[in-house]
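These notes are about the structure you will find just below.
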Amino acid sequence: MDLPSTSSPSSLRSIAVVGLGTMGTGIAEVLARSGREVVGIDVSEAAVRRATGALAAATARSVAKEKLTEQEREEVLARFRTSTELSAAADADLVIEVVPEDYDLKHRVFEELDAVVRPDTLLATGTNALSVTRLAAESLRPERVLGMHFFNPAPAMKLVEIVSSVLTAPTAVEAVTSLARELGKEPVAVGDRPGFVADGLLFGYLNQAAAMYEAKYASREDIDAAMKLGCGLPMGPLALLDLVGVDTARTVLEAMYASSGDRLHAPAPILGHLVEAGLTGQKAGRGFYTYEAPGSSVVVRDLQTPLDGSLLGAGRPVHSIGVAGSGTMASGIAQVFAQAGYPVVLAARGQEKAEAAKAAIGKSLDRAVSRGRLSEEAAAQTLDLITPAGTLEAFAEVDLAVEAVAEDLEVKQQLFAGLDKVCKPGAVLATTTSSLPVIAVARATERPQDVIGMHFFNPAPAMKLVEVVRTVLTADDVHATVREVCGKVRKHAVDCGDRAGFIVNALLFPYLNNAVKMVEQHYASLDDIDAAMKLGGGYPMGPFELLDVVGLDVSLAIEKVLHQEFRDPGLAPSPLLEHLVAAGCLGRKTGRGFPAGRRCPAGQGRTVPALARP
């Protein structure tokens with residue numbers, strides 16, 4: 001059914017926003033700044049006053065930054081009026097509802113709006129979890145009901161998900177899509193299912209992070225640091241849960257689980273416990289973290305705050321380091337150690353390969369010099385500290401031996417058996433595996449207590465994160481030694497146990513797999529999903545951009561390891577991913593990735609925030 005011409009984009013000049021919490025206030029600000037007449041409606045007079053004050057403060061800041069003139073500010077403020085009665089929306093061309101995520105409450109609001117607004121008025125819900133279709137079906141104007149999901153903070157975030165149901169008229173979608181563009185936003189069209197695109201991917205990841213913390217696998221600080229430093233994310237998952245609201249996250253996940261039946265969406269019990277205790281995040285002053293006051297973003301110490309390594313004890317002295325391998329990771333790790341002043345023995349299978357690996361480090365240092373990041377003298381000193389060797393025998397006197405060879409358990413076990421014979425007693429032996437069990441590598445030696453995981457990220461000179469992986473047999477002073485070395489080479493070490501994926505890969509790759517499943521189910525396009533995660537989630541790359549750079553084969557291998565370890569059906573690799581790998585569509589390294597028909601220059605690309613190996 002077509003809507004009257006009065007619902008064209010240019011006619012959406014008078015807009016009502018129902019619900020003046022943080023999101024509603026932000027949306028009202030965006031609309032008023034765009035020249036629309038806006039009425040903000042909330043049953044709470046205190047919320048109305050806060051919204052008015054927030055707009056006044058925001059526009060005052062814009063004047064101070066010379067982004068608005070004082071006259072323009074006065075015009076914006078004059079376009080915003082408030083009310084505590086829904087009848088104030090009577091003349092609106094569009095009503096945007098952003099009341100709390102409770103279906104009965106939203107239904108009551110829509111029912112009252114049906115009796116108040118004009119016949120041609122469009123009704124948009126800001127829900128991110130509840131059924132738009134159900135709201136529409138129970139409305140007197142189902143063809144005029146749709147979703148308009150902004151992201152927080154609305155003035156800054158560019159993404160708006162436009163959610164249509166099977167009942168929504170196409171012209172209604174066109175109208176609000178055009179409005180979103182006029183507001184300077186990037187609209188993405190999505191179907192009606194809980195979480196839509198961005199939250200559908202984001203909240204599954206957040207839920208897994210909460211479960212990881214609940215299982216005491218890693219501290220909240222290490223989980224958050226790992227995802228920020230390993231993936232380039234603006235916030236860690238537990239801090240983000242506190243910002244979003246633990247109660248909101250639980251509501252979204254409950255809706256997602258009811259729809260999908262996927263155990264990855266079943267809310268982690270800790271979310272329910274925090275909600276029951278009233279610890280809902282920043283707004284309550286406490287959630288996963290503790291804050292200065294309700295509404296504050298300033299974290300303060302509490303009983304769960306780590307003691308900055310003071311309980312680690314003394315490590316073993318490390319004066320020289322051996323790095324085994326000749327590939328990109330081995331060269332990068334050797335460069336990291338040498339730049340920190342450690343003498344490094346770089347051993348490969350043959351002197352020629354070792355010399356080539358050192359030459360690659362020389363080129364890397366030259367690039368750093370040309371970019372002004374390193375002096376020529378420092379580059380020369382770094383290179384002089386690296387001694388290439390064609391055999392592991394050269395590791396006889398090193399204090400720390402780091403393996404960075406192919407991600408093959410048998411290969412690593414053979415190498416560690418060799419290190420066991422060559423290295424002196426007390427030397428620490430570290431593997432850089434990202435997915436294999438460290439204990440299986442350690443048992444190839446007669447000194448498993450000296451073996452630990454030291455997972456660097458690619459490119460090692462640039463990436464700040466190192467996952468330090470203890471096995472059940474790793475000695476305390478070995479753990480302390482590696483933590484000390486990480487500090488000396490200016491890397492941020494996070495502690496985690498010996499299980500598949502450690503922290504980063506265990507959270508990152510199920511998210512990537514779920515993005516592939518969205519495409520497989522024809523829910524959204526590749527470009528829309530990538531745009532949603534970059535604009536709505538603050539991700540530096542969309543999931544398909546990242547998959548193409550990481551390599552689809554690498555991703556598939558990691559997802560298989562995770563599925564095998566945890567035996568969760570939700571972790572099973574997407575058949576589409578398996579088919580693309582079987583077809584040789586591996587991403588940038590082969591010139592073809594997502595979608596299968598898209599070509600890209602083989603071997604070309606940019607630095608990836610987290611380029612994990614299988």
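In the structure tokens, the first chain shown is A, the next is B, and so on; residue numbers restart at 1 for each chain, and ligands run from 1 in the order shown.
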
**OP:** Extract, using only C-alpha atoms, all DNA, RNA and protein residues at most 9 Å from Glu376 (chain A), discarding same-chain residues fewer than 3 positions from it, and format them as a PyMOL selection string.
**Re:** chain A and resi 365-366+369+379-381

**OP:** Can you pull out every residue within 12 Å of Ser555 (chain A), counting only C-alpha atoms, but drop anything in the same chain fewer than 5 positions away, and send it as a ChimeraX atom specification?
**Re:** /A:434-435,501,505-506,508-513,516,543-544,546-550,560-562,573-574,577-578,580-581,586-587,610-614

Original post:
What does the distance between CA of Lys412 (chain A) and CA of Gly390 (chain A) come to in Å, to one decimal place?
Top reply: 17.2 Å

Can you check which parts of region 8-45 of chain A lie within 12 Å of region 124-131 of chain A? Per residue, the shortest pair of atoms and distance in Å to one decimal, counting only C-alpha atoms, sorted by chain and number, as a tab-separated table.
```
residue	atom	partner	partner_atom	distance
A:Ile15	CA	A:Ala124	CA	10.7
A:Ala16	CA	A:Ala124	CA	10.2
A:Val17	CA	A:Ala124	CA	9.6
A:Val18	CA	A:Thr125	CA	9.5
A:Gly19	CA	A:Gly126	CA	10.0
A:Met23	CA	A:Gly126	CA	9.0
A:Gly24	CA	A:Gly126	CA	8.9
A:Ile27	CA	A:Gly126	CA	10.1
```

Using all heavy atoms, can you write the selected residues to a file as a PDB file, in the first residue's frame?
```pdb
ATOM      1  N   ILE A  15       8.874  16.238  14.150  1.00  0.00           N
ATOM      2  CA  ILE A  15       9.138  14.886  14.649  1.00  0.00           C
ATOM      3  C   ILE A  15       9.020  14.850  16.165  1.00  0.00           C
ATOM      4  O   ILE A  15       9.548  15.731  16.860  1.00  0.00           O
ATOM      5  CB  ILE A  15      10.536  14.412  14.207  1.00  0.00           C
ATOM      6  CG1 ILE A  15      10.622  14.425  12.671  1.00  0.00           C
ATOM      7  CG2 ILE A  15      10.841  13.011  14.747  1.00  0.00           C
ATOM      8  CD1 ILE A  15      11.977  14.075  12.121  1.00  0.00           C
ATOM      9  N   ALA A  16       8.340  13.839  16.654  1.00  0.00           N
ATOM     10  CA  ALA A  16       8.228  13.630  18.105  1.00  0.00           C
ATOM     11  C   ALA A  16       9.143  12.484  18.515  1.00  0.00           C
ATOM     12  O   ALA A  16       9.231  11.473  17.817  1.00  0.00           O
ATOM     13  CB  ALA A  16       6.789  13.317  18.485  1.00  0.00           C
ATOM     14  N   VAL A  17       9.837  12.659  19.637  1.00  0.00           N
ATOM     15  CA  VAL A  17      10.685  11.612  20.212  1.00  0.00           C
ATOM     16  C   VAL A  17      10.072  11.232  21.552  1.00  0.00           C
ATOM     17  O   VAL A  17       9.979  12.068  22.462  1.00  0.00           O
ATOM     18  CB  VAL A  17      12.141  12.095  20.395  1.00  0.00           C
ATOM     19  CG1 VAL A  17      12.972  10.995  21.047  1.00  0.00           C
ATOM     20  CG2 VAL A  17      12.747  12.499  19.057  1.00  0.00           C
ATOM     21  N   VAL A  18       9.646   9.980  21.678  1.00  0.00           N
ATOM     22  CA  VAL A  18       8.994   9.515  22.901  1.00  0.00           C
ATOM     23  C   VAL A  18       9.994   8.711  23.720  1.00  0.00           C
ATOM     24  O   VAL A  18      10.441   7.639  23.304  1.00  0.00           O
ATOM     25  CB  VAL A  18       7.758   8.659  22.580  1.00  0.00           C
ATOM     26  CG1 VAL A  18       7.097   8.194  23.873  1.00  0.00           C
ATOM     27  CG2 VAL A  18       6.777   9.443  21.725  1.00  0.00           C
ATOM     28  N   GLY A  19      10.352   9.225  24.873  1.00  0.00           N
ATOM     29  CA  GLY A  19      11.362   8.609  25.735  1.00  0.00           C
ATOM     30  C   GLY A  19      12.618   9.437  25.708  1.00  0.00           C
ATOM     31  O   GLY A  19      13.325   9.476  24.696  1.00  0.00           O
ATOM     32  N   MET A  23      19.445   7.818  24.900  1.00  0.00           N
ATOM     33  CA  MET A  23      19.273   7.648  23.465  1.00  0.00           C
ATOM     34  C   MET A  23      18.263   8.644  22.908  1.00  0.00           C
ATOM     35  O   MET A  23      18.504   9.299  21.886  1.00  0.00           O
ATOM     36  CB  MET A  23      18.838   6.217  23.156  1.00  0.00           C
ATOM     37  CG  MET A  23      18.678   5.940  21.667  1.00  0.00           C
ATOM     38  SD  MET A  23      20.210   6.205  20.744  1.00  0.00           S
ATOM     39  CE  MET A  23      21.109   4.739  21.244  1.00  0.00           C
ATOM     40  N   GLY A  24      17.100   8.766  23.552  1.00  0.00           N
ATOM     41  CA  GLY A  24      16.086   9.690  23.068  1.00  0.00           C
ATOM     42  C   GLY A  24      16.573  11.119  23.033  1.00  0.00           C
ATOM     43  O   GLY A  24      16.312  11.866  22.080  1.00  0.00           O
ATOM     44  N   ILE A  27      18.909  11.532  20.054  1.00  0.00           N
ATOM     45  CA  ILE A  27      18.179  11.590  18.788  1.00  0.00           C
ATOM     46  C   ILE A  27      17.509  12.953  18.627  1.00  0.00           C
ATOM     47  O   ILE A  27      17.534  13.552  17.542  1.00  0.00           O
ATOM     48  CB  ILE A  27      17.132  10.458  18.722  1.00  0.00           C
ATOM     49  CG1 ILE A  27      17.834   9.098  18.675  1.00  0.00           C
ATOM     50  CG2 ILE A  27      16.222  10.629  17.508  1.00  0.00           C
ATOM     51  CD1 ILE A  27      16.891   7.910  18.824  1.00  0.00           C
TER      52      ILE A  27
END
```

Strand (DSSP E) call set, DSSP backbone run, region 175-318 of chain A, as a short mmCIF file (atom, residue, chain, number, x, y, z; two decimals) with C-alpha atoms, in the first residue's frame:
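Below is the file that was written, part29.cif:
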```
data_model
loop_
_atom_site.label_atom_id
_atom_site.label_comp_id
_atom_site.auth_asym_id
_atom_site.auth_seq_id
_atom_site.Cartn_x
_atom_site.Cartn_y
_atom_site.Cartn_z
CA GLU A 186 24.47 5.96 7.08
CA PRO A 187 21.23 3.97 6.85
CA VAL A 188 21.41 0.17 6.52
CA ALA A 189 18.28 -1.75 5.54
CA VAL A 190 17.70 -4.88 7.65
CA THR A 290 33.16 -0.04 39.76
CA TYR A 291 32.73 3.66 38.90
CA VAL A 299 36.67 3.43 36.84
CA VAL A 300 37.91 3.10 40.42
#
```

**OP:** Just give me the gap between CA of Ala406 (chain A) and CA of Thr433 (chain A) in Å, one decimal is fine.
**Re:**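 Computed distance, CA of Ala406 (chain A) to CA of Thr433 (chain A), equals 8.8 Å.
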
Original post:
region 82-252 of chain A: which residues are alpha helix (DSSP H) by DSSP, as a PyMOL selection string?
Top reply: chain A and resi 103-114+132-137+170-182+198-214+220-231+237-244+246-252

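Interatomic distance, CA of Met157 (chain A) against CA of Gly287 (chain A): 23.8 Å.
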
**OP:** Determine, counting only C-alpha atoms, which protein, DNA and RNA residues have an atom within 10 Å of an atom of Glu446 (chain A); residues of the same chain fewer than 3 positions away are not included. Present the result as a PyMOL selection string.
**Re:** chain A and resi 416-417+420-421+442-443+449-450

Write the residues you've just listed into a file as a PDB file, in the first residue's frame, and include all heavy atoms for each of them.
```pdb
ATOM      1  N   PHE A 416      60.519 -28.681  19.699  1.00  0.00           N
ATOM      2  CA  PHE A 416      60.713 -28.584  21.149  1.00  0.00           C
ATOM      3  C   PHE A 416      61.535 -29.758  21.681  1.00  0.00           C
ATOM      4  O   PHE A 416      62.287 -29.601  22.653  1.00  0.00           O
ATOM      5  CB  PHE A 416      59.368 -28.476  21.867  1.00  0.00           C
ATOM      6  CG  PHE A 416      58.931 -27.045  22.062  1.00  0.00           C
ATOM      7  CD1 PHE A 416      58.440 -26.303  20.999  1.00  0.00           C
ATOM      8  CD2 PHE A 416      59.071 -26.427  23.299  1.00  0.00           C
ATOM      9  CE1 PHE A 416      58.071 -24.982  21.164  1.00  0.00           C
ATOM     10  CE2 PHE A 416      58.714 -25.103  23.474  1.00  0.00           C
ATOM     11  CZ  PHE A 416      58.209 -24.375  22.401  1.00  0.00           C
ATOM     12  N   ALA A 417      61.418 -30.898  21.045  1.00  0.00           N
ATOM     13  CA  ALA A 417      62.284 -32.015  21.437  1.00  0.00           C
ATOM     14  C   ALA A 417      63.738 -31.660  21.171  1.00  0.00           C
ATOM     15  O   ALA A 417      64.640 -31.984  21.967  1.00  0.00           O
ATOM     16  CB  ALA A 417      61.891 -33.280  20.671  1.00  0.00           C
ATOM     17  N   ASP A 420      64.877 -29.110  23.790  1.00  0.00           N
ATOM     18  CA  ASP A 420      65.106 -29.795  25.059  1.00  0.00           C
ATOM     19  C   ASP A 420      66.529 -30.337  25.147  1.00  0.00           C
ATOM     20  O   ASP A 420      67.167 -30.303  26.212  1.00  0.00           O
ATOM     21  CB  ASP A 420      64.092 -30.924  25.194  1.00  0.00           C
ATOM     22  CG  ASP A 420      64.044 -31.499  26.594  1.00  0.00           C
ATOM     23  OD1 ASP A 420      64.385 -30.776  27.556  1.00  0.00           O
ATOM     24  OD2 ASP A 420      63.666 -32.670  26.740  1.00  0.00           O
ATOM     25  N   LYS A 421      67.026 -30.809  24.031  1.00  0.00           N
ATOM     26  CA  LYS A 421      68.370 -31.384  24.006  1.00  0.00           C
ATOM     27  C   LYS A 421      69.449 -30.302  23.963  1.00  0.00           C
ATOM     28  O   LYS A 421      70.549 -30.482  24.498  1.00  0.00           O
ATOM     29  CB  LYS A 421      68.521 -32.292  22.788  1.00  0.00           C
ATOM     30  CG  LYS A 421      67.631 -33.526  22.833  1.00  0.00           C
ATOM     31  CD  LYS A 421      67.748 -34.322  21.541  1.00  0.00           C
ATOM     32  CE  LYS A 421      66.826 -35.536  21.571  1.00  0.00           C
ATOM     33  NZ  LYS A 421      66.856 -36.285  20.284  1.00  0.00           N
ATOM     34  N   ALA A 442      54.614 -28.872  25.298  1.00  0.00           N
ATOM     35  CA  ALA A 442      55.480 -29.000  26.465  1.00  0.00           C
ATOM     36  C   ALA A 442      55.849 -30.451  26.740  1.00  0.00           C
ATOM     37  O   ALA A 442      56.980 -30.759  27.136  1.00  0.00           O
ATOM     38  CB  ALA A 442      54.790 -28.397  27.693  1.00  0.00           C
ATOM     39  N   ARG A 443      54.905 -31.375  26.505  1.00  0.00           N
ATOM     40  CA  ARG A 443      55.151 -32.781  26.809  1.00  0.00           C
ATOM     41  C   ARG A 443      56.142 -33.432  25.839  1.00  0.00           C
ATOM     42  O   ARG A 443      56.574 -34.569  26.057  1.00  0.00           O
ATOM     43  CB  ARG A 443      53.841 -33.564  26.794  1.00  0.00           C
ATOM     44  CG  ARG A 443      52.924 -33.264  27.989  1.00  0.00           C
ATOM     45  CD  ARG A 443      53.643 -33.477  29.308  1.00  0.00           C
ATOM     46  NE  ARG A 443      54.083 -34.851  29.456  1.00  0.00           N
ATOM     47  CZ  ARG A 443      53.521 -35.728  30.253  1.00  0.00           C
ATOM     48  NH1 ARG A 443      52.490 -35.366  31.000  1.00  0.00           N
ATOM     49  NH2 ARG A 443      53.980 -36.965  30.341  1.00  0.00           N
ATOM     50  N   GLN A 449      57.734 -28.009  32.812  1.00  0.00           N
ATOM     51  CA  GLN A 449      57.574 -26.872  33.722  1.00  0.00           C
ATOM     52  C   GLN A 449      58.228 -25.608  33.174  1.00  0.00           C
ATOM     53  O   GLN A 449      57.917 -24.493  33.609  1.00  0.00           O
ATOM     54  CB  GLN A 449      58.154 -27.207  35.107  1.00  0.00           C
ATOM     55  CG  GLN A 449      59.669 -27.271  35.174  1.00  0.00           C
ATOM     56  CD  GLN A 449      60.244 -28.592  34.681  1.00  0.00           C
ATOM     57  OE1 GLN A 449      59.499 -29.492  34.266  1.00  0.00           O
ATOM     58  NE2 GLN A 449      61.562 -28.728  34.731  1.00  0.00           N
ATOM     59  N   ASP A 450      59.143 -25.762  32.221  1.00  0.00           N
ATOM     60  CA  ASP A 450      59.842 -24.610  31.647  1.00  0.00           C
ATOM     61  C   ASP A 450      59.166 -24.078  30.383  1.00  0.00           C
ATOM     62  O   ASP A 450      59.659 -23.125  29.770  1.00  0.00           O
ATOM     63  CB  ASP A 450      61.292 -24.990  31.294  1.00  0.00           C
ATOM     64  CG  ASP A 450      62.140 -25.290  32.527  1.00  0.00           C
ATOM     65  OD1 ASP A 450      61.745 -24.852  33.625  1.00  0.00           O
ATOM     66  OD2 ASP A 450      63.182 -25.959  32.384  1.00  0.00           O
TER      67      ASP A 450
END
```

**OP:** Do a neighbour search on Tyr289 (chain A) at 9 Å with only C-alpha atoms, toss out local chain neighbours closer than 2 positions, and write the hits as a list in words.
**Re:** Arg220, Leu238, Ala239, Asp242, Gly281, Gln282, Gly285, Arg286, Gly287, Tyr291, Val299, Val300, Arg301, Asp302, Gln304 and Thr305 of chain A

What does the file look like for those residues with all heavy atoms, as a compact mmCIF listing (two decimals), in the first residue's frame?
```txt
# COMPACT_ATOMS: atom_id res chain seq x y z
N ARG A 220 38.96 -9.41 34.05
CA ARG A 220 38.21 -8.47 33.21
C ARG A 220 39.15 -7.51 32.50
O ARG A 220 38.94 -7.16 31.33
CB ARG A 220 37.19 -7.70 34.07
CG ARG A 220 37.85 -6.88 35.14
CD ARG A 220 36.94 -6.31 36.19
NE ARG A 220 37.75 -5.57 37.14
CZ ARG A 220 37.30 -5.01 38.24
NH1 ARG A 220 36.02 -5.14 38.56
NH2 ARG A 220 38.10 -4.33 39.04
N LEU A 238 33.78 -6.08 28.27
CA LEU A 238 33.14 -5.95 29.58
C LEU A 238 32.88 -4.49 29.91
O LEU A 238 31.85 -4.15 30.49
CB LEU A 238 34.01 -6.62 30.64
CG LEU A 238 34.27 -8.11 30.39
CD1 LEU A 238 35.13 -8.71 31.48
CD2 LEU A 238 32.96 -8.89 30.27
N ALA A 239 33.80 -3.61 29.52
CA ALA A 239 33.56 -2.17 29.69
C ALA A 239 32.38 -1.74 28.82
O ALA A 239 31.56 -0.90 29.23
CB ALA A 239 34.81 -1.37 29.33
N ASP A 242 29.12 -2.63 30.42
CA ASP A 242 28.78 -1.64 31.46
C ASP A 242 28.21 -0.37 30.85
O ASP A 242 27.31 0.26 31.41
CB ASP A 242 30.02 -1.30 32.29
CG ASP A 242 30.27 -2.30 33.41
OD1 ASP A 242 29.44 -3.20 33.60
OD2 ASP A 242 31.31 -2.16 34.10
N GLY A 281 25.81 -1.56 35.48
CA GLY A 281 26.84 -0.88 34.69
C GLY A 281 27.06 0.55 35.11
O GLY A 281 26.80 0.92 36.27
N GLN A 282 27.51 1.36 34.17
CA GLN A 282 27.85 2.75 34.50
C GLN A 282 26.68 3.51 35.10
O GLN A 282 26.86 4.29 36.03
CB GLN A 282 28.33 3.48 33.24
CG GLN A 282 29.72 3.09 32.77
CD GLN A 282 30.21 3.98 31.63
OE1 GLN A 282 29.65 5.05 31.38
NE2 GLN A 282 31.25 3.53 30.95
N GLY A 285 26.62 2.85 38.65
CA GLY A 285 27.87 3.08 39.37
C GLY A 285 28.68 1.81 39.58
O GLY A 285 29.79 1.83 40.10
N ARG A 286 28.12 0.68 39.14
CA ARG A 286 28.83 -0.58 39.29
C ARG A 286 28.23 -1.64 38.38
O ARG A 286 27.02 -1.74 38.25
CB ARG A 286 28.79 -1.07 40.74
CG ARG A 286 29.66 -2.30 41.00
CD ARG A 286 29.67 -2.64 42.48
NE ARG A 286 30.20 -3.98 42.69
CZ ARG A 286 30.11 -4.66 43.83
NH1 ARG A 286 29.51 -4.12 44.87
NH2 ARG A 286 30.61 -5.89 43.95
N GLY A 287 29.08 -2.39 37.74
CA GLY A 287 28.68 -3.51 36.89
C GLY A 287 29.81 -4.52 36.92
O GLY A 287 30.16 -5.04 37.97
N TYR A 291 32.56 2.29 39.40
CA TYR A 291 32.73 3.66 38.90
C TYR A 291 32.62 4.67 40.04
O TYR A 291 32.11 4.36 41.11
CB TYR A 291 31.70 3.95 37.81
CG TYR A 291 31.82 2.99 36.65
CD1 TYR A 291 31.15 1.76 36.67
CD2 TYR A 291 32.66 3.26 35.58
CE1 TYR A 291 31.29 0.84 35.63
CE2 TYR A 291 32.80 2.36 34.54
CZ TYR A 291 32.13 1.14 34.57
OH TYR A 291 32.30 0.24 33.55
N VAL A 299 36.54 4.69 36.10
CA VAL A 299 36.67 3.43 36.84
C VAL A 299 37.54 3.64 38.08
O VAL A 299 38.56 4.32 38.02
CB VAL A 299 37.30 2.34 35.94
CG1 VAL A 299 37.55 1.06 36.72
CG2 VAL A 299 36.39 2.06 34.74
N VAL A 300 37.12 3.05 39.19
CA VAL A 300 37.91 3.10 40.42
C VAL A 300 38.26 1.67 40.85
O VAL A 300 37.62 0.71 40.42
CB VAL A 300 37.15 3.82 41.55
CG1 VAL A 300 36.88 5.27 41.19
CG2 VAL A 300 35.83 3.11 41.86
N ARG A 301 39.27 1.55 41.66
CA ARG A 301 39.71 0.23 42.12
C ARG A 301 38.64 -0.42 42.98
O ARG A 301 37.89 0.24 43.70
CB ARG A 301 41.00 0.35 42.95
CG ARG A 301 42.23 0.76 42.15
CD ARG A 301 43.47 0.73 43.05
NE ARG A 301 43.75 -0.63 43.49
CZ ARG A 301 44.49 -1.50 42.82
NH1 ARG A 301 45.03 -1.15 41.67
NH2 ARG A 301 44.70 -2.72 43.28
N ASP A 302 38.57 -1.75 42.89
CA ASP A 302 37.71 -2.52 43.77
C ASP A 302 38.43 -3.82 44.12
O ASP A 302 39.62 -3.97 43.82
CB ASP A 302 36.33 -2.75 43.15
CG ASP A 302 36.40 -3.49 41.82
OD1 ASP A 302 37.40 -4.20 41.57
OD2 ASP A 302 35.47 -3.36 41.01
N GLN A 304 38.32 -6.66 42.85
CA GLN A 304 38.75 -7.48 41.71
C GLN A 304 39.90 -6.86 40.92
O GLN A 304 40.39 -7.45 39.98
CB GLN A 304 37.57 -7.70 40.75
CG GLN A 304 36.58 -8.75 41.23
CD GLN A 304 35.73 -8.27 42.38
OE1 GLN A 304 35.19 -7.17 42.35
NE2 GLN A 304 35.64 -9.07 43.44
N THR A 305 40.32 -5.66 41.30
CA THR A 305 41.38 -4.99 40.56
C THR A 305 42.72 -5.69 40.79
O THR A 305 43.12 -5.91 41.93
CB THR A 305 41.52 -3.51 41.00
OG1 THR A 305 40.24 -2.87 40.85
CG2 THR A 305 42.55 -2.79 40.14
```

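Remark: for Ile452 (chain A), the closest of the candidate residues A:Glu467, A:Asp384, A:Glu559, A:Glu112 is A:Glu467 (distances computed over only C-alpha atoms).
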
Original post:
For Asn207 (chain A), which of A:Val405, A:Leu385, A:Cys231, A:Ile270 is the closest residue, counting only C-alpha atoms?
Top reply: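 Looking only at the distances to Asn207 (chain A), the closest residue turns out to be A:Ile270.
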
Original post:
Looking at only C-alpha atoms, which of A:Pro569, A:Gly497, A:Val197, A:Ser296 is the one that sits closest to Asp530 (chain A)?
Top reply: A:Val197

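Taking only C-alpha atoms into account, Lys106 (chain A) lies nearest to A:Glu138 out of the set A:Glu182, A:Glu138, A:Asp495, A:Glu484.
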
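Minimum distance to Ser178 (chain A) across A:Ile96, A:Ala266, A:Val422, A:Leu12 (counting only C-alpha atoms) occurs at A:Leu12.
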